[in-house]
$ cat input-v3.cif   # mmCIF, C-alpha atoms and all ligand atoms
data_start
loop_
_atom_site.label_atom_id
_atom_site.label_comp_id
_atom_site.auth_asym_id
_atom_site.auth_seq_id
_atom_site.Cartn_x
_atom_site.Cartn_y
_atom_site.Cartn_z
CA MET A 22 -39.05 -21.22 22.80
CA GLU A 23 -39.51 -21.09 19.03
CA ASP A 24 -36.91 -22.71 16.81
CA LEU A 25 -34.47 -20.25 15.35
CA TYR A 26 -34.90 -19.83 11.60
CA TYR A 27 -31.82 -19.44 9.37
CA SER A 28 -32.81 -16.16 7.69
CA ASP A 29 -33.83 -14.61 11.00
CA TYR A 30 -30.59 -15.64 12.66
CA ILE A 31 -28.42 -13.93 10.04
CA GLN A 32 -30.94 -11.14 9.39
CA LEU A 33 -30.97 -11.99 5.74
CA ASP A 34 -33.94 -9.81 4.86
CA LYS A 35 -32.07 -6.69 5.88
CA ILE A 36 -29.05 -7.66 3.81
CA LEU A 37 -30.98 -8.76 0.73
CA ASN A 38 -33.16 -5.66 0.75
CA SER A 39 -30.24 -3.27 0.84
CA GLN A 40 -29.44 -3.04 -2.88
CA HIS A 41 -31.06 -0.05 -4.57
CA PRO A 42 -29.28 0.78 -7.82
CA LYS A 43 -29.91 4.42 -8.74
CA SER A 44 -30.01 3.76 -12.45
CA PHE A 45 -32.68 1.06 -12.17
CA GLU A 46 -35.26 3.69 -11.29
CA ALA A 47 -35.10 5.16 -14.81
CA MET A 48 -34.11 2.15 -16.93
CA GLU A 49 -36.17 -0.79 -17.94
CA GLU A 50 -33.34 -3.28 -18.03
CA GLY A 51 -30.83 -3.70 -15.30
CA ASN A 52 -27.16 -2.92 -15.86
CA ASP A 53 -24.00 -3.60 -13.84
CA GLU A 54 -24.90 -1.26 -11.00
CA MET A 55 -26.30 -4.21 -9.05
CA LEU A 56 -22.90 -5.92 -9.24
CA PHE A 57 -21.18 -2.64 -8.34
CA ILE A 58 -23.26 -2.24 -5.18
CA ILE A 59 -23.06 -5.88 -4.09
CA ILE A 60 -19.31 -6.05 -4.46
CA HIS A 61 -18.86 -2.92 -2.34
CA GLN A 62 -21.15 -4.36 0.31
CA VAL A 63 -19.26 -7.64 0.36
CA TYR A 64 -15.99 -5.71 0.80
CA GLU A 65 -17.45 -3.69 3.65
CA LEU A 66 -18.57 -6.88 5.42
CA TRP A 67 -15.07 -8.27 5.20
CA PHE A 68 -13.66 -4.93 6.38
CA LYS A 69 -15.92 -5.27 9.42
CA GLN A 70 -14.48 -8.71 10.21
CA ILE A 71 -10.92 -7.42 9.74
CA ILE A 72 -11.58 -4.59 12.22
CA PHE A 73 -13.05 -7.09 14.67
CA GLU A 74 -9.92 -9.27 14.52
CA LEU A 75 -7.59 -6.28 14.65
CA ASP A 76 -9.25 -4.98 17.83
CA LEU A 77 -8.92 -8.39 19.41
CA VAL A 78 -5.19 -8.53 18.65
CA ARG A 79 -4.70 -4.96 19.85
CA HIS A 80 -6.36 -5.80 23.14
CA ILE A 81 -4.07 -8.77 23.68
CA PHE A 82 -1.08 -6.45 23.36
CA ILE A 83 -2.68 -3.59 25.32
CA ARG A 84 -2.82 -5.89 28.34
CA GLY A 85 0.95 -5.62 28.48
CA ARG A 86 2.39 -8.83 29.81
CA ILE A 87 2.40 -11.51 27.15
CA ASN A 88 4.13 -14.82 27.56
CA ASP A 89 5.67 -15.48 24.17
CA ASN A 90 4.75 -19.15 24.34
CA SER A 91 1.25 -18.54 25.65
CA ASP A 92 -2.22 -18.98 24.19
CA ASP A 93 -2.46 -15.20 23.87
CA MET A 94 0.50 -15.10 21.55
CA SER A 95 -0.73 -17.94 19.36
CA LYS A 96 -4.19 -16.39 19.32
CA ALA A 97 -2.74 -13.07 18.13
CA VAL A 98 -0.84 -14.84 15.36
CA GLN A 99 -3.89 -16.89 14.38
CA LYS A 100 -6.12 -13.79 14.14
CA LEU A 101 -3.55 -11.91 12.10
CA LYS A 102 -3.25 -14.88 9.76
CA ARG A 103 -7.02 -14.85 9.38
CA ILE A 104 -6.83 -11.19 8.36
CA GLY A 105 -4.27 -12.26 5.75
CA LYS A 106 -6.65 -14.88 4.38
CA ILE A 107 -9.48 -12.35 4.13
CA LEU A 108 -7.17 -9.99 2.27
CA GLU A 109 -6.22 -12.78 -0.13
CA LEU A 110 -9.91 -13.37 -0.77
CA ILE A 111 -10.78 -9.74 -1.38
CA ASN A 112 -7.84 -9.43 -3.74
CA GLN A 113 -9.37 -12.25 -5.77
CA GLN A 114 -12.74 -10.51 -5.83
CA VAL A 115 -11.41 -7.72 -8.04
CA THR A 116 -11.61 -10.17 -10.94
CA VAL A 117 -15.41 -10.33 -10.56
CA LEU A 118 -15.66 -6.56 -10.93
CA GLU A 119 -13.31 -6.67 -13.89
CA THR A 120 -15.99 -8.48 -15.88
CA MET A 121 -17.67 -5.06 -16.03
CA THR A 122 -16.32 -2.96 -18.92
CA ALA A 123 -15.53 0.76 -18.92
CA LEU A 124 -18.63 1.40 -21.06
CA ASP A 125 -20.83 -0.62 -18.68
CA PHE A 126 -19.57 1.55 -15.81
CA LEU A 127 -20.30 4.78 -17.71
CA GLU A 128 -23.99 3.85 -17.82
CA PHE A 129 -24.40 4.70 -14.16
CA ARG A 130 -21.17 6.35 -13.00
CA ASN A 131 -22.47 9.92 -12.90
CA MET A 132 -25.39 8.90 -10.72
CA LEU A 133 -23.18 8.12 -7.77
CA LEU A 134 -21.25 11.40 -7.66
CA PRO A 135 -19.57 12.39 -5.35
CA ALA A 136 -19.77 9.04 -3.50
CA SER A 137 -16.56 7.00 -3.66
CA GLY A 138 -14.64 4.23 -1.90
CA PHE A 139 -12.47 7.11 -0.69
CA GLN A 140 -15.21 7.67 1.88
CA SER A 141 -15.05 4.11 3.22
CA ARG A 142 -14.87 4.71 6.97
CA GLN A 143 -14.03 1.07 7.65
CA PHE A 144 -11.13 1.05 5.19
CA ARG A 145 -9.73 4.19 6.86
CA LEU A 146 -10.18 2.56 10.27
CA ILE A 147 -8.23 -0.51 9.18
CA GLU A 148 -5.37 1.69 7.99
CA ALA A 149 -5.45 3.78 11.18
CA LYS A 150 -5.67 0.81 13.55
CA LEU A 151 -2.73 -0.84 11.82
CA GLY A 152 -0.68 2.32 12.35
CA LEU A 153 -0.96 4.65 9.35
CA LYS A 154 -1.14 8.28 10.56
CA MET A 155 -2.87 11.14 8.79
CA GLY A 156 0.47 12.94 8.38
CA GLN A 157 1.85 9.91 6.51
CA ARG A 158 -1.05 9.72 4.05
CA TYR A 159 -0.46 10.60 0.44
CA LYS A 160 -2.10 13.96 -0.40
CA ASN A 161 -3.68 14.25 3.01
CA GLU A 162 -5.31 17.51 1.99
CA TYR A 163 -7.91 15.31 0.26
CA TYR A 164 -9.20 14.33 3.70
CA LYS A 165 -10.39 17.82 4.68
CA HIS A 166 -14.04 17.17 5.41
CA SER A 167 -15.02 20.46 3.75
CA ARG A 168 -13.87 19.01 0.40
CA ARG A 169 -16.69 17.55 -1.69
CA GLY A 170 -16.06 13.79 -1.92
CA SER A 171 -14.14 13.56 1.35
CA LEU A 172 -15.30 11.74 4.50
CA SER A 173 -18.01 13.25 6.70
CA GLU A 174 -16.93 15.06 9.85
CA ALA A 175 -18.25 12.20 12.02
CA ASP A 176 -16.35 9.55 10.03
CA LEU A 177 -13.14 11.58 10.13
CA GLN A 178 -13.48 11.96 13.88
CA GLU A 179 -13.75 8.21 14.23
CA VAL A 180 -10.59 7.73 12.16
CA ASP A 181 -8.89 10.36 14.29
CA GLN A 182 -9.96 8.52 17.44
CA ALA A 183 -8.58 5.21 16.10
CA GLU A 184 -5.27 6.92 15.36
CA SER A 185 -5.03 8.31 18.87
CA GLU A 186 -5.68 4.94 20.53
CA SER A 187 -2.82 2.44 20.65
CA THR A 188 -2.30 1.30 17.08
CA LEU A 189 -1.08 -2.20 16.35
CA LYS A 190 2.24 -0.78 15.20
CA GLU A 191 2.76 1.13 18.45
CA LEU A 192 1.84 -1.93 20.50
CA ILE A 193 4.19 -4.18 18.56
CA THR A 194 6.97 -1.62 18.96
CA LYS A 195 6.47 -1.57 22.74
CA TRP A 196 6.38 -5.37 22.87
CA LEU A 197 9.67 -5.52 20.94
CA GLU A 198 11.22 -2.95 23.25
CA ARG A 199 10.42 -5.16 26.27
CA MET A 200 12.51 -8.11 25.01
CA PRO A 201 15.00 -8.98 27.76
CA PHE A 202 17.57 -10.71 25.54
CA PHE A 203 20.48 -8.69 26.79
CA ASP A 204 20.23 -9.28 30.48
CA GLU A 205 23.90 -9.79 31.51
CA THR A 206 23.13 -13.05 33.34
CA TYR A 207 22.69 -14.80 29.96
CA TRP A 208 25.89 -13.44 28.43
CA ARG A 209 28.62 -14.26 30.95
CA GLU A 210 29.91 -17.14 28.87
CA TYR A 211 29.55 -15.45 25.51
CA LYS A 212 32.61 -15.91 23.31
CA ARG A 213 33.38 -12.91 21.11
CA SER A 214 33.56 -13.79 17.43
CA THR A 215 35.64 -10.75 16.49
CA PRO A 216 38.68 -9.17 18.15
CA GLN A 217 37.82 -5.97 19.97
CA SER A 218 39.01 -3.04 17.93
CA GLY A 219 37.93 0.36 16.68
CA SER A 220 36.37 3.24 18.52
CA VAL A 221 32.78 1.99 18.42
CA ASP A 222 33.91 -1.31 19.86
CA LYS A 223 35.86 0.33 22.67
CA GLN A 224 32.84 2.42 23.51
CA ALA A 225 30.77 -0.76 23.48
CA THR A 226 32.80 -2.66 26.02
CA ALA A 227 32.99 0.39 28.24
CA SER A 228 29.25 1.04 28.34
CA GLY A 229 27.83 -2.48 28.48
CA SER A 230 24.32 -1.19 27.71
CA ASP A 231 22.04 -3.15 25.34
CA ASP A 232 22.65 -1.04 22.28
CA LYS A 233 26.42 -1.19 22.62
CA HIS A 234 26.35 -4.81 23.69
CA LYS A 235 29.28 -7.03 22.68
CA PHE A 236 26.88 -9.18 20.67
CA TRP A 237 25.86 -6.22 18.53
CA MET A 238 29.48 -5.26 17.97
CA ASP A 239 30.18 -8.77 16.69
CA TYR A 240 27.08 -8.67 14.54
CA ARG A 241 28.01 -5.22 13.21
CA ASN A 242 31.43 -6.56 12.20
CA ALA A 243 29.94 -9.58 10.49
CA TYR A 244 27.49 -7.31 8.66
CA LYS A 245 30.31 -5.00 7.62
CA ASN A 246 32.25 -7.96 6.19
CA SER A 247 29.17 -9.10 4.26
CA LEU A 248 28.84 -5.83 2.36
CA SER A 249 30.14 -5.50 -1.16
CA GLU A 250 32.16 -2.41 -2.12
CA ASN A 251 29.20 -0.52 -3.50
CA GLU A 252 27.11 -1.30 -0.43
CA ALA A 253 29.67 0.02 2.06
CA GLY A 254 27.39 2.97 2.92
CA ARG A 255 24.96 0.53 4.51
CA LEU A 256 27.09 0.31 7.64
CA LYS A 257 26.28 3.92 8.43
CA GLU A 258 22.63 3.09 7.99
CA PHE A 259 23.02 0.06 10.27
CA ASP A 260 24.37 2.33 13.05
CA LYS A 261 21.59 4.83 12.48
CA VAL A 262 18.82 2.24 12.53
CA PHE A 263 20.02 0.08 15.44
CA PHE A 264 22.02 2.45 17.65
CA GLU A 265 20.96 6.01 16.94
CA GLU A 266 17.58 6.97 15.48
CA GLY A 267 15.73 3.78 14.66
CA ARG A 268 13.72 3.63 11.47
CA GLY A 269 10.52 5.55 10.69
CA ASP A 270 8.61 5.59 13.96
CA VAL A 271 10.21 2.39 15.31
CA SER A 272 12.87 2.91 18.02
CA PRO A 273 16.43 1.46 17.82
CA ALA A 274 15.62 -0.96 20.69
CA ALA A 275 12.57 -2.31 18.86
CA MET A 276 14.53 -2.58 15.61
CA ARG A 277 17.28 -4.55 17.42
CA ALA A 278 14.70 -6.94 18.86
CA ALA A 279 13.07 -7.43 15.44
CA LEU A 280 16.47 -8.18 13.91
CA PHE A 281 17.42 -10.53 16.76
CA ILE A 282 14.18 -12.51 16.40
CA THR A 283 14.65 -12.70 12.65
CA ILE A 284 18.25 -13.90 12.85
CA TYR A 285 17.56 -16.59 15.43
CA ARG A 286 14.06 -17.53 14.28
CA ASN A 287 15.04 -21.21 14.30
CA LEU A 288 15.20 -21.23 18.13
CA PRO A 289 11.90 -22.58 19.51
CA ILE A 290 11.33 -19.52 21.64
CA PHE A 291 11.33 -17.30 18.59
CA HIS A 292 8.93 -19.33 16.44
CA LEU A 293 5.82 -17.42 17.44
CA PRO A 294 7.43 -13.97 17.64
CA PHE A 295 8.87 -14.53 14.17
CA GLU A 296 5.50 -15.74 12.84
CA LEU A 297 3.98 -12.59 14.25
CA LEU A 298 6.47 -10.26 12.56
CA ASN A 299 6.25 -12.21 9.32
CA THR A 300 2.46 -12.04 9.31
CA LEU A 301 2.54 -8.27 9.82
CA SER A 302 4.76 -7.93 6.74
CA GLU A 303 2.40 -10.23 4.89
CA ILE A 304 -0.61 -8.08 5.80
CA ASP A 305 1.21 -5.00 4.52
CA GLU A 306 2.03 -6.82 1.30
CA LEU A 307 -1.52 -8.11 0.79
CA LEU A 308 -2.98 -4.65 1.38
CA SER A 309 -0.53 -3.27 -1.18
CA ASN A 310 -1.59 -6.00 -3.58
CA TRP A 311 -5.16 -4.85 -3.15
CA ARG A 312 -4.16 -1.23 -3.75
CA TYR A 313 -2.33 -2.31 -6.89
CA ARG A 314 -5.21 -4.41 -8.25
CA HIS A 315 -7.74 -1.68 -7.48
CA PHE A 316 -5.49 0.93 -9.13
CA MET A 317 -5.04 -1.17 -12.30
CA MET A 318 -8.76 -1.90 -12.44
CA VAL A 319 -9.54 1.81 -12.02
CA ARG A 320 -7.13 2.73 -14.84
CA ARG A 321 -8.93 0.32 -17.14
CA MET A 322 -12.31 1.58 -16.02
CA ILE A 323 -11.86 5.37 -16.11
CA GLY A 324 -8.43 5.91 -17.68
CA LEU A 325 -7.06 9.26 -16.56
CA ARG A 326 -10.37 10.81 -15.54
CA VAL A 327 -10.82 12.14 -12.01
CA GLY A 328 -12.52 9.86 -9.48
CA THR A 329 -16.12 10.26 -8.37
CA GLY A 330 -14.63 11.25 -5.02
CA GLY A 331 -12.83 14.15 -6.69
CA THR A 332 -9.21 12.99 -6.43
CA SER A 333 -6.96 12.81 -9.47
CA GLY A 334 -8.11 9.15 -9.79
CA ALA A 335 -5.54 6.57 -10.90
CA GLY A 336 -2.67 9.01 -10.24
CA TYR A 337 -3.80 9.42 -6.65
CA LEU A 338 -4.19 5.66 -6.16
CA GLU A 339 -0.68 5.04 -7.53
CA GLY A 340 0.64 7.54 -4.94
CA THR A 341 -1.00 5.68 -2.05
CA LEU A 342 0.51 2.46 -3.33
CA SER A 343 4.07 3.65 -2.82
CA GLN A 344 3.42 5.41 0.48
CA HIS A 345 0.81 3.60 2.56
CA TYR A 346 2.52 0.88 4.59
CA ALA A 347 2.16 0.19 8.30
CA PHE A 348 5.04 -2.24 8.84
CA ARG A 349 7.64 -1.18 6.32
CA GLU A 350 10.36 -0.94 8.97
CA ILE A 351 9.77 -4.53 10.11
CA THR A 352 9.82 -5.82 6.53
CA GLU A 353 13.01 -3.95 5.73
CA VAL A 354 14.90 -5.66 8.56
CA ALA A 355 15.91 -8.03 5.74
CA THR A 356 18.37 -5.31 4.62
CA PHE A 357 20.50 -6.11 7.66
CA LEU A 358 20.61 -9.90 7.66
CA ILE A 359 23.77 -11.95 7.28
CA GLU A 360 24.34 -15.56 6.28
CA ARG A 361 23.36 -18.17 8.88
CA SER A 362 26.93 -19.45 9.20
CA LYS A 363 28.24 -15.96 10.02
CA ARG A 364 25.88 -15.36 12.94
CA PRO A 365 27.50 -14.98 16.39
CA THR A 366 26.97 -18.12 18.49
CA LEU A 367 24.59 -17.45 21.35
CA PRO A 368 25.59 -18.43 24.90
CA ASN A 369 23.83 -21.56 26.21
CA ALA A 370 22.36 -19.67 29.15
CA LEU A 371 20.34 -17.58 26.71
CA LYS A 372 19.35 -20.51 24.53
CA GLU A 373 18.14 -22.38 27.56
CA LYS A 374 15.95 -19.52 28.67
CA VAL A 375 12.90 -20.88 26.93
CA SER A 376 10.07 -18.80 28.30
CA PHE A 377 10.01 -15.02 28.45
CA ASN A 378 7.31 -13.24 30.40
CA LEU A 379 7.04 -9.79 28.91
C1 LIG B 1 -15.61 0.35 -11.13
C2 LIG B 1 -15.02 0.12 -9.99
C3 LIG B 1 -14.26 1.14 -9.21
C4 LIG B 1 -13.74 2.32 -9.62
C5 LIG B 1 -13.76 2.94 -11.01
C6 LIG B 1 -13.11 2.93 -8.48
C7 LIG B 1 -12.47 4.15 -8.50
C8 LIG B 1 -11.84 4.72 -7.45
C9 LIG B 1 -11.14 5.97 -7.49
C10 LIG B 1 -10.93 6.84 -8.71
C11 LIG B 1 -10.69 6.22 -6.24
C12 LIG B 1 -9.92 7.46 -5.78
C13 LIG B 1 -10.85 8.36 -5.02
C14 LIG B 1 -11.81 9.10 -5.92
O1 LIG B 1 -11.44 10.17 -6.42
O2 LIG B 1 -12.92 8.58 -6.13
C15 LIG B 1 -11.07 5.11 -5.42
C16 LIG B 1 -10.75 4.98 -4.08
C17 LIG B 1 -11.10 3.89 -3.33
N1 LIG B 1 -11.89 2.84 -3.71
FE1 LIG B 1 -12.55 2.46 -5.55
N2 LIG B 1 -13.23 2.10 -7.41
C18 LIG B 1 -13.94 0.99 -7.81
C19 LIG B 1 -14.27 -0.08 -7.03
C20 LIG B 1 -14.01 -0.21 -5.69
C21 LIG B 1 -14.41 -1.31 -4.85
C22 LIG B 1 -15.18 -2.55 -5.29
C23 LIG B 1 -14.01 -1.03 -3.61
C24 LIG B 1 -14.24 -1.92 -2.43
C25 LIG B 1 -14.55 -1.40 -1.26
C26 LIG B 1 -13.32 0.24 -3.65
C27 LIG B 1 -12.74 0.86 -2.57
C28 LIG B 1 -12.02 2.02 -2.64
C29 LIG B 1 -11.27 2.54 -1.52
C30 LIG B 1 -11.12 1.92 -0.13
C31 LIG B 1 -10.68 3.71 -1.95
C32 LIG B 1 -9.72 4.60 -1.16
C33 LIG B 1 -8.30 4.17 -1.52
C34 LIG B 1 -7.25 5.04 -0.87
O3 LIG B 1 -7.46 6.24 -0.66
O4 LIG B 1 -6.16 4.50 -0.57
N3 LIG B 1 -13.34 0.70 -4.93
N4 LIG B 1 -11.78 4.22 -6.17
#
$ encode --input "input-v3.cif" --output "structure tokens"
Amino acid sequence: MEDLYYSDYIQLDKILNSQHPKSFEAMEEGNDEMLFIIIHQVYELWFKQIIFELDLVRHIFIRGRINDNSDDMSKAVQKLKRIGKILELINQQVTVLETMTALDFLEFRNMLLPASGFQSRQFRLIEAKLGLKMGQRYKNEYYKHSRRGSLSEADLQEVDQAESESTLKELITKWLERMPFFDETYWREYKRSTPQSGSVDKQATASGSDDKHKFWMDYRNAYKNSLSENEAGRLKEFDKVFFEEGRGDVSPAAMRAALFITIYRNLPIFHLPFELLNTLSEIDELLSNWRYRHFMMVRRMIGLRVGTGGTSGAGYLEGTLSQHYAFREITEVATFLIERSKRPTLPNALKEKVSFNL
């Protein structure tokens, strides 16, 4: 067998022969279009790797039963952290493009119409696989494939397909809902930290179900006491989020589990689950950072002009920045935290239960 040669192994010829700046055909000297093409290609390669890792993590959770201390769990966290590192890197890369000035860009901008990053199938797949739905997208009328500058019908179908499969957000929600923290066998020796009073509390002791569990009544009281006068309305929100409606598309049971893991993250059993939730928030934040950097760069490059993809340009990008999050609900669990010293003390039986098979 012949020795494998580096450039053959990574198919370098294909990659290095894939840059064909439109403007070079007519101009004698090159301009920044080469940089413009290469940077987009580099981004798309990283998007490909992100999708690869995301699918791997999704498949771990699709399998259903995950031991929270298992290799699967640490693998999921490791892959998600890798996605975070790639996002950090591609955020940095914006600075390379920023060495191109607005006038440099104008030299070739009209030649690429109506092509635009808006049509990046892989970027849309990342958003969809994380959990962003078409209905939640800012100005989703821009996605109609009949619009000039939108995605092709085939690309939109692929995004649609990704949305209809289990998204990471849906899988994480189901995993959170399976947490068996409130099995009565662990709570027999639980000592209430607040006297039982009030209608909600009476209801709680009567029902004994997870959501009206004595622990949550104690926590609710501690949260109530932590609120300042002008935050008193938050208690209503607490009830809504954890006992009634949940938040966004995350159920009350999943929100309770996310809060429980966050409060008791110091317990060994919660280290990995907390890392997981924290990394999801981090990914959301890093993607927002990218949106912000791209938006600022675009404003410098084209001011208030419309984009090549036919959206309102910077105005549109600013809109996506405030609206496009996959894990907002998980991140905003912080709204409902209380000081460490005020947390109810967990019964030993629960603390000793060190391995959950979910
Ligand atoms: C001179 C540099 C760039 C300019 C002026 C620019 C401009 C724009 C504009 C105006 C939009 C809104 C859609 C439209 O109407 O076209 C957009 C969207 C987008 N661009 Fe860029 N862009 C630049 C570089 C990049 C690079 C390097 C990437 C890397 C892949 C990229 C990826 C995207 C993506 C993914 C979107 C969709 C964002 C969303 O809808 O949330 N852009 N760009």
$ atom_distance --input "input-v3.cif" --atom1 "atom CA of Asp93 of chain A" --atom2 "atom CA of Glu306 of chain A"
24.5 Å
$ closest_residue --input "input-v3.cif" --among "A:Lys363, A:Lys154, A:Arg84, A:Arg255" --to "Ser214 of chain A" --atoms "all atoms listed in the file"
A:Lys363
$ residues_around --input "input-v3.cif" --residues "segment 326-339 of chain A" --least-positions-apart "2" --cutoff "8 Å" --atoms "all atoms listed in the file" --output "list in words"
Arg130, Asn131, Leu133, Leu134, Pro135, Ala136, Ser137, Gly138, Phe139, Gln140, Tyr159, Lys160, Tyr163, Arg169, Gly170, Ser171, Arg312, Tyr313, Phe316, Met317, Val319, Arg320, Ile323, Gly324, Thr341, Leu342 and Ser343 of chain A
$ residues_around --input "input-v3.cif" --residues "Leu298 of chain A" --least-positions-apart "2" --cutoff "10 Å" --atoms "all atoms listed in the file" --output "list in words"
Val98, Ile193, Ala279, Ile282, Thr283, Leu293, Pro294, Phe295, Glu296, Thr300, Leu301, Ser302, Glu303, Phe348, Ile351 and Thr352 of chain A
$ residues_around --input "input-v3.cif" --residues "Asn369 of chain A" --least-positions-apart "5" --cutoff "12 Å" --atoms "all atoms listed in the file" --output "VMD selection string"
chain A and resid 206 to 212 288 374 to 375
$ residues_around --input "input-v3.cif" --residues "Leu37 of chain A" --least-positions-apart "2" --cutoff "12 Å" --atoms "only C-alpha atoms" --output "mmCIF file with C-alpha atoms, in the frame of the given file"
data_model
loop_
_atom_site.group_PDB
_atom_site.id
_atom_site.type_symbol
_atom_site.label_atom_id
_atom_site.label_comp_id
_atom_site.auth_asym_id
_atom_site.auth_seq_id
_atom_site.Cartn_x
_atom_site.Cartn_y
_atom_site.Cartn_z
ATOM 1 C CA SER A 28 -32.810 -16.160 7.690
ATOM 2 C CA ILE A 31 -28.420 -13.930 10.040
ATOM 3 C CA GLN A 32 -30.940 -11.140 9.390
ATOM 4 C CA LEU A 33 -30.970 -11.990 5.740
ATOM 5 C CA ASP A 34 -33.940 -9.810 4.860
ATOM 6 C CA LYS A 35 -32.070 -6.690 5.880
ATOM 7 C CA SER A 39 -30.240 -3.270 0.840
ATOM 8 C CA GLN A 40 -29.440 -3.040 -2.880
ATOM 9 C CA HIS A 41 -31.060 -0.050 -4.570
ATOM 10 C CA MET A 55 -26.300 -4.210 -9.050
ATOM 11 C CA ILE A 58 -23.260 -2.240 -5.180
ATOM 12 C CA ILE A 59 -23.060 -5.880 -4.090
ATOM 13 C CA GLN A 62 -21.150 -4.360 0.310
ATOM 14 C CA VAL A 63 -19.260 -7.640 0.360
#
$ closest_residue --input "input-v3.cif" --among "A:Glu74, A:Glu250, A:Glu148, A:Glu46" --to "ligand LIG 1 (chain B)" --atoms "all atoms listed in the file"
A:Glu148
$ atom_distance --input "input-v3.cif" --atom1 "atom CA of Lys372 of chain A" --atom2 "atom CA of Glu266 of chain A"
29.0 Å
$ residues_near_point --input "input-v3.cif" --point "(-8.2, -15.6, 9.5)" --cutoff "12 Å" --atoms "all atoms listed in the file" --output "VMD selection string"
chain A and resid 67 70 to 75 78 96 to 110 300 304
$ atom_distance --input "input-v3.cif" --atom1 "atom C3 of ligand LIG 1 (chain B)" --atom2 "atom CA of Phe129 of chain A"
11.8 Å
$ residues_near_point --input "input-v3.cif" --point "(14.4, -6.9, 9.4)" --cutoff "10 Å" --atoms "only C-alpha atoms" --output "ChimeraX atom specification"
/A:276-284,298-299,349-358
$ closest_residue --input "input-v3.cif" --among "A:Ser249, A:Ser141, A:Ser187, A:Asn112" --to "ligand LIG 1 (chain B)" --atoms "all atoms listed in the file"
A:Ser141
$ residues_around --input "input-v3.cif" --residues "Phe264 of chain A" --least-positions-apart "5" --cutoff "10 Å" --atoms "only C-alpha atoms" --output "list in words"
Asp231, Asp232, Lys233, Trp237, Glu258, Phe259, Ser272, Pro273, Ala274, Met276 and Arg277 of chain A
$ closest_residue --input "input-v3.cif" --among "A:Ala347, A:Leu118, A:Ile290, A:Ala370" --to "ligand LIG 1 (chain B)" --atoms "all atoms listed in the file"
A:Leu118
$ closest_residue --input "input-v3.cif" --among "A:Ser185, A:Ser309, A:Ser362, A:Ser91" --to "ligand LIG 1 (chain B)" --atoms "only C-alpha atoms and all ligand atoms"
A:Ser309
